Amino acid sequence: MSAKRLYLVDGSTYIFRAYYAVRGLSSSDGTPVNAVYGFTSMILKLLKKENPDYFAIVFDTPAPTFRKKIYEAYKANRPPPPEDLVPQFPLVREVTRALGIPALEMEGWEADDIIGT
């Protein structure tokens, strides 16, 4: 019996990676979609290449995390997401749903904390 493989992807990291990898794409109404396109391309490529038995994408939420509650300066030097990236977050979640990929998120926890748990 072969071992089953579970892939959990940090969707938030993939969104930022896609945003900086693909530049200058927008929909006909001007909505930026470069991160959505890059994210979707990376996910489809991963699924095709690895063909995991189980797969889910884990997202950060905008709510403060437990780390921020413990240490107020947590990620204090990190700039906010770029203005043209913000409207793409819900679009990525919409693509994830449209592809039928399970998505996990939990207020107060970052994606990597959920994956590590």
# chains A, B, ... in the order shown; residues from 1 in each chain; ligands from 1

call {"tool": "residues_around", "arguments": {"residues": "Phe66 of chain A", "least_positions_apart": "5", "cutoff": "12 Å", "atoms": "only C-alpha atoms", "output": "list in words"}}
result
Thr61, Tyr71, Glu72, Tyr74, Met106, Glu107, Gly108, Trp109, Glu110 and Asp113 of chain A

call {"tool": "residues_around", "arguments": {"residues": "Leu25 of chain A", "least_positions_apart": "3", "cutoff": "10 Å", "atoms": "only C-alpha atoms", "output": "JSON, numbers by chain"}}
result
{"A": [19, 22, 28, 30, 31, 32, 33, 34, 35, 36, 37, 38]}

call {"tool": "closest_residue", "arguments": {"among": "A:Asp53, A:Asp60, A:Asp84, A:Glu94", "to": "Phe39 of chain A", "atoms": "only C-alpha atoms"}}
result
A:Glu94

call {"tool": "select_by_dssp", "arguments": {"residues": "chain A", "states": "strand (DSSP E)", "output": "VMD selection string"}}
result
chain A and resid 6 to 10 54 to 58 103 to 104

call {"tool": "write_last_selection", "arguments": {"atoms": "all heavy atoms", "output": "compact mmCIF listing (two decimals), in the first residue's frame"}}
result
# COMPACT_ATOMS: atom_id res chain seq x y z
N LEU A 6 -0.41 14.47 1.42
CA LEU A 6 -1.19 15.65 1.74
C LEU A 6 -0.35 16.89 1.45
O LEU A 6 0.78 16.99 1.91
CB LEU A 6 -1.59 15.64 3.22
CG LEU A 6 -2.12 16.96 3.79
CD1 LEU A 6 -3.46 17.32 3.16
CD2 LEU A 6 -2.23 16.86 5.31
N TYR A 7 -0.89 17.80 0.67
CA TYR A 7 -0.24 19.08 0.40
C TYR A 7 -1.08 20.18 1.01
O TYR A 7 -2.28 20.29 0.72
CB TYR A 7 -0.11 19.33 -1.11
CG TYR A 7 1.08 18.66 -1.74
CD1 TYR A 7 1.27 17.29 -1.67
CD2 TYR A 7 2.01 19.41 -2.43
CE1 TYR A 7 2.35 16.68 -2.27
CE2 TYR A 7 3.10 18.80 -3.03
CZ TYR A 7 3.27 17.45 -2.94
OH TYR A 7 4.35 16.85 -3.53
N LEU A 8 -0.46 20.99 1.86
CA LEU A 8 -1.08 22.18 2.42
C LEU A 8 -0.26 23.37 1.95
O LEU A 8 0.93 23.46 2.23
CB LEU A 8 -1.10 22.12 3.95
CG LEU A 8 -1.89 20.98 4.56
CD1 LEU A 8 -1.70 20.94 6.08
CD2 LEU A 8 -3.36 21.10 4.21
N VAL A 9 -0.89 24.26 1.23
CA VAL A 9 -0.19 25.40 0.65
C VAL A 9 -0.52 26.66 1.45
O VAL A 9 -1.69 26.93 1.74
CB VAL A 9 -0.61 25.59 -0.83
CG1 VAL A 9 -0.07 26.89 -1.40
CG2 VAL A 9 -0.14 24.41 -1.66
N ASP A 10 0.51 27.42 1.79
CA ASP A 10 0.32 28.71 2.44
C ASP A 10 -0.13 29.68 1.35
O ASP A 10 0.67 30.25 0.61
CB ASP A 10 1.62 29.17 3.09
CG ASP A 10 1.50 30.48 3.85
OD1 ASP A 10 0.63 31.31 3.49
OD2 ASP A 10 2.28 30.69 4.78
N TYR A 54 -4.37 14.47 -1.27
CA TYR A 54 -5.16 15.44 -0.52
C TYR A 54 -4.50 16.80 -0.68
O TYR A 54 -3.27 16.90 -0.69
CB TYR A 54 -5.23 15.06 0.96
CG TYR A 54 -5.72 13.66 1.19
CD1 TYR A 54 -4.83 12.63 1.46
CD2 TYR A 54 -7.08 13.36 1.10
CE1 TYR A 54 -5.29 11.33 1.65
CE2 TYR A 54 -7.53 12.06 1.30
CZ TYR A 54 -6.63 11.06 1.56
OH TYR A 54 -7.08 9.78 1.75
N PHE A 55 -5.32 17.83 -0.79
CA PHE A 55 -4.78 19.15 -1.07
C PHE A 55 -5.69 20.21 -0.47
O PHE A 55 -6.91 20.11 -0.58
CB PHE A 55 -4.70 19.35 -2.60
CG PHE A 55 -4.01 20.61 -3.02
CD1 PHE A 55 -2.64 20.68 -3.08
CD2 PHE A 55 -4.74 21.74 -3.37
CE1 PHE A 55 -1.98 21.83 -3.50
CE2 PHE A 55 -4.11 22.91 -3.78
CZ PHE A 55 -2.72 22.95 -3.84
N ALA A 56 -5.11 21.21 0.14
CA ALA A 56 -5.87 22.35 0.66
C ALA A 56 -4.98 23.58 0.65
O ALA A 56 -3.74 23.48 0.70
CB ALA A 56 -6.38 22.08 2.08
N ILE A 57 -5.62 24.72 0.57
CA ILE A 57 -4.91 25.99 0.65
C ILE A 57 -5.30 26.66 1.96
O ILE A 57 -6.47 26.70 2.32
CB ILE A 57 -5.26 26.88 -0.55
CG1 ILE A 57 -4.84 26.18 -1.85
CG2 ILE A 57 -4.57 28.24 -0.42
CD1 ILE A 57 -5.24 26.91 -3.11
N VAL A 58 -4.30 27.17 2.66
CA VAL A 58 -4.52 27.80 3.96
C VAL A 58 -4.21 29.29 3.82
O VAL A 58 -3.17 29.67 3.29
CB VAL A 58 -3.62 27.16 5.04
CG1 VAL A 58 -3.97 27.70 6.41
CG2 VAL A 58 -3.74 25.63 5.01
N ALA A 103 -10.31 25.30 1.30
CA ALA A 103 -9.55 26.42 1.85
C ALA A 103 -9.78 26.46 3.36
O ALA A 103 -10.90 26.27 3.83
CB ALA A 103 -9.99 27.72 1.21
N LEU A 104 -8.70 26.70 4.07
CA LEU A 104 -8.76 26.76 5.53
C LEU A 104 -8.27 28.13 5.98
O LEU A 104 -7.32 28.68 5.41
CB LEU A 104 -7.85 25.69 6.15
CG LEU A 104 -8.04 24.26 5.66
CD1 LEU A 104 -6.91 23.38 6.16
CD2 LEU A 104 -9.37 23.73 6.12

call {"tool": "atom_distance", "arguments": {"atom1": "atom CA of Thr117 of chain A", "atom2": "atom CA of Ala21 of chain A"}}
result
29.0 Å

call {"tool": "atom_distance", "arguments": {"atom1": "atom CA of Phe89 of chain A", "atom2": "atom CA of Ile15 of chain A"}}
result
7.7 Å

call {"tool": "decode", "arguments": {"residues": "segment 65-80 of chain A", "atoms": "all heavy atoms", "output": "short mmCIF file (atom, residue, chain, number, x, y, z; two decimals), in the first residue's frame"}}
result
data_model
loop_
_atom_site.label_atom_id
_atom_site.label_comp_id
_atom_site.auth_asym_id
_atom_site.auth_seq_id
_atom_site.Cartn_x
_atom_site.Cartn_y
_atom_site.Cartn_z
N THR A 65 -3.33 38.40 14.99
CA THR A 65 -2.98 37.04 15.39
C THR A 65 -2.65 37.00 16.88
O THR A 65 -2.43 38.03 17.51
CB THR A 65 -1.75 36.54 14.61
OG1 THR A 65 -0.61 37.31 14.99
CG2 THR A 65 -1.98 36.62 13.12
N PHE A 66 -2.56 35.78 17.39
CA PHE A 66 -2.20 35.62 18.79
C PHE A 66 -0.82 36.19 19.07
O PHE A 66 -0.55 36.70 20.15
CB PHE A 66 -2.29 34.14 19.21
CG PHE A 66 -1.19 33.27 18.65
CD1 PHE A 66 -0.04 33.03 19.38
CD2 PHE A 66 -1.32 32.69 17.40
CE1 PHE A 66 0.97 32.23 18.87
CE2 PHE A 66 -0.33 31.88 16.89
CZ PHE A 66 0.84 31.66 17.62
N ARG A 67 0.07 36.16 18.07
CA ARG A 67 1.42 36.71 18.27
C ARG A 67 1.37 38.23 18.46
O ARG A 67 2.13 38.78 19.25
CB ARG A 67 2.30 36.37 17.07
CG ARG A 67 2.67 34.92 17.04
CD ARG A 67 3.74 34.67 16.00
NE ARG A 67 4.11 33.28 16.05
CZ ARG A 67 4.10 32.47 15.01
NH1 ARG A 67 3.80 32.93 13.83
NH2 ARG A 67 4.45 31.22 15.14
N LYS A 68 0.51 38.88 17.72
CA LYS A 68 0.35 40.34 17.83
C LYS A 68 -0.20 40.70 19.22
O LYS A 68 0.18 41.72 19.79
CB LYS A 68 -0.59 40.84 16.73
CG LYS A 68 -0.82 42.31 16.71
CD LYS A 68 0.34 43.03 16.09
CE LYS A 68 0.00 44.50 15.88
NZ LYS A 68 1.12 45.26 15.45
N LYS A 69 -1.06 39.84 19.75
CA LYS A 69 -1.61 40.08 21.08
C LYS A 69 -0.55 39.91 22.16
O LYS A 69 -0.54 40.61 23.16
CB LYS A 69 -2.80 39.16 21.33
CG LYS A 69 -4.00 39.50 20.46
CD LYS A 69 -5.13 38.53 20.65
CE LYS A 69 -6.27 38.87 19.71
NZ LYS A 69 -7.34 37.90 19.73
N ILE A 70 0.38 38.96 21.93
CA ILE A 70 1.45 38.71 22.88
C ILE A 70 2.53 39.79 22.79
O ILE A 70 3.05 40.27 23.79
CB ILE A 70 2.08 37.32 22.63
CG1 ILE A 70 1.07 36.23 22.95
CG2 ILE A 70 3.36 37.14 23.44
CD1 ILE A 70 1.52 34.84 22.52
N TYR A 71 2.86 40.17 21.54
CA TYR A 71 3.95 41.11 21.30
C TYR A 71 3.49 42.16 20.30
O TYR A 71 3.41 41.89 19.10
CB TYR A 71 5.18 40.34 20.77
CG TYR A 71 6.38 41.19 20.47
CD1 TYR A 71 6.98 41.97 21.46
CD2 TYR A 71 6.92 41.24 19.20
CE1 TYR A 71 8.09 42.74 21.18
CE2 TYR A 71 8.03 42.01 18.91
CZ TYR A 71 8.60 42.77 19.91
OH TYR A 71 9.70 43.54 19.63
N GLU A 72 3.15 43.32 20.78
CA GLU A 72 2.55 44.39 19.97
C GLU A 72 3.39 44.74 18.74
O GLU A 72 2.86 45.10 17.70
CB GLU A 72 2.30 45.63 20.84
CG GLU A 72 1.54 46.73 20.14
CD GLU A 72 0.14 46.35 19.71
OE1 GLU A 72 -0.51 45.56 20.40
OE2 GLU A 72 -0.30 46.86 18.66
N ALA A 73 4.70 44.64 18.84
CA ALA A 73 5.59 45.03 17.74
C ALA A 73 5.77 43.92 16.70
O ALA A 73 6.56 44.07 15.77
CB ALA A 73 6.94 45.46 18.28
N TYR A 74 5.05 42.81 16.83
CA TYR A 74 5.18 41.70 15.88
C TYR A 74 4.88 42.22 14.47
O TYR A 74 3.83 42.79 14.22
CB TYR A 74 4.23 40.56 16.26
CG TYR A 74 4.24 39.40 15.32
CD1 TYR A 74 5.36 38.59 15.22
CD2 TYR A 74 3.14 39.10 14.53
CE1 TYR A 74 5.39 37.51 14.35
CE2 TYR A 74 3.15 38.03 13.67
CZ TYR A 74 4.28 37.23 13.57
OH TYR A 74 4.31 36.17 12.71
N LYS A 75 5.82 42.03 13.59
CA LYS A 75 5.74 42.48 12.18
C LYS A 75 5.52 43.99 12.05
O LYS A 75 4.98 44.45 11.05
CB LYS A 75 4.67 41.71 11.41
CG LYS A 75 5.00 40.24 11.23
CD LYS A 75 4.04 39.57 10.29
CE LYS A 75 4.42 38.12 10.09
NZ LYS A 75 3.53 37.43 9.17
N ALA A 76 5.96 44.75 13.03
CA ALA A 76 5.76 46.20 13.02
C ALA A 76 6.48 46.87 11.85
O ALA A 76 6.04 47.91 11.36
CB ALA A 76 6.22 46.81 14.33
N ASN A 77 7.58 46.30 11.41
CA ASN A 77 8.35 46.90 10.32
C ASN A 77 7.89 46.43 8.94
O ASN A 77 8.43 46.86 7.94
CB ASN A 77 9.84 46.59 10.49
CG ASN A 77 10.39 47.27 11.74
OD1 ASN A 77 9.99 48.37 12.08
ND2 ASN A 77 11.30 46.60 12.41
N ARG A 78 6.91 45.55 8.90
CA ARG A 78 6.40 45.07 7.62
C ARG A 78 5.41 46.08 7.06
O ARG A 78 4.46 46.45 7.74
CB ARG A 78 5.72 43.70 7.79
CG ARG A 78 5.25 43.14 6.45
CD ARG A 78 4.76 41.75 6.60
NE ARG A 78 5.90 40.86 6.83
CZ ARG A 78 5.80 39.56 6.94
NH1 ARG A 78 4.63 38.97 6.86
NH2 ARG A 78 6.86 38.82 7.13
N PRO A 79 5.63 46.50 5.81
CA PRO A 79 4.69 47.47 5.23
C PRO A 79 3.34 46.81 4.93
O PRO A 79 3.26 45.59 4.78
CB PRO A 79 5.38 47.91 3.94
CG PRO A 79 6.28 46.77 3.58
CD PRO A 79 6.70 46.15 4.89
N PRO A 80 2.30 47.61 4.82
CA PRO A 80 1.00 47.04 4.44
C PRO A 80 1.06 46.51 3.02
O PRO A 80 1.96 46.88 2.25
CB PRO A 80 0.04 48.23 4.55
CG PRO A 80 0.90 49.44 4.45
CD PRO A 80 2.26 49.05 4.99
#
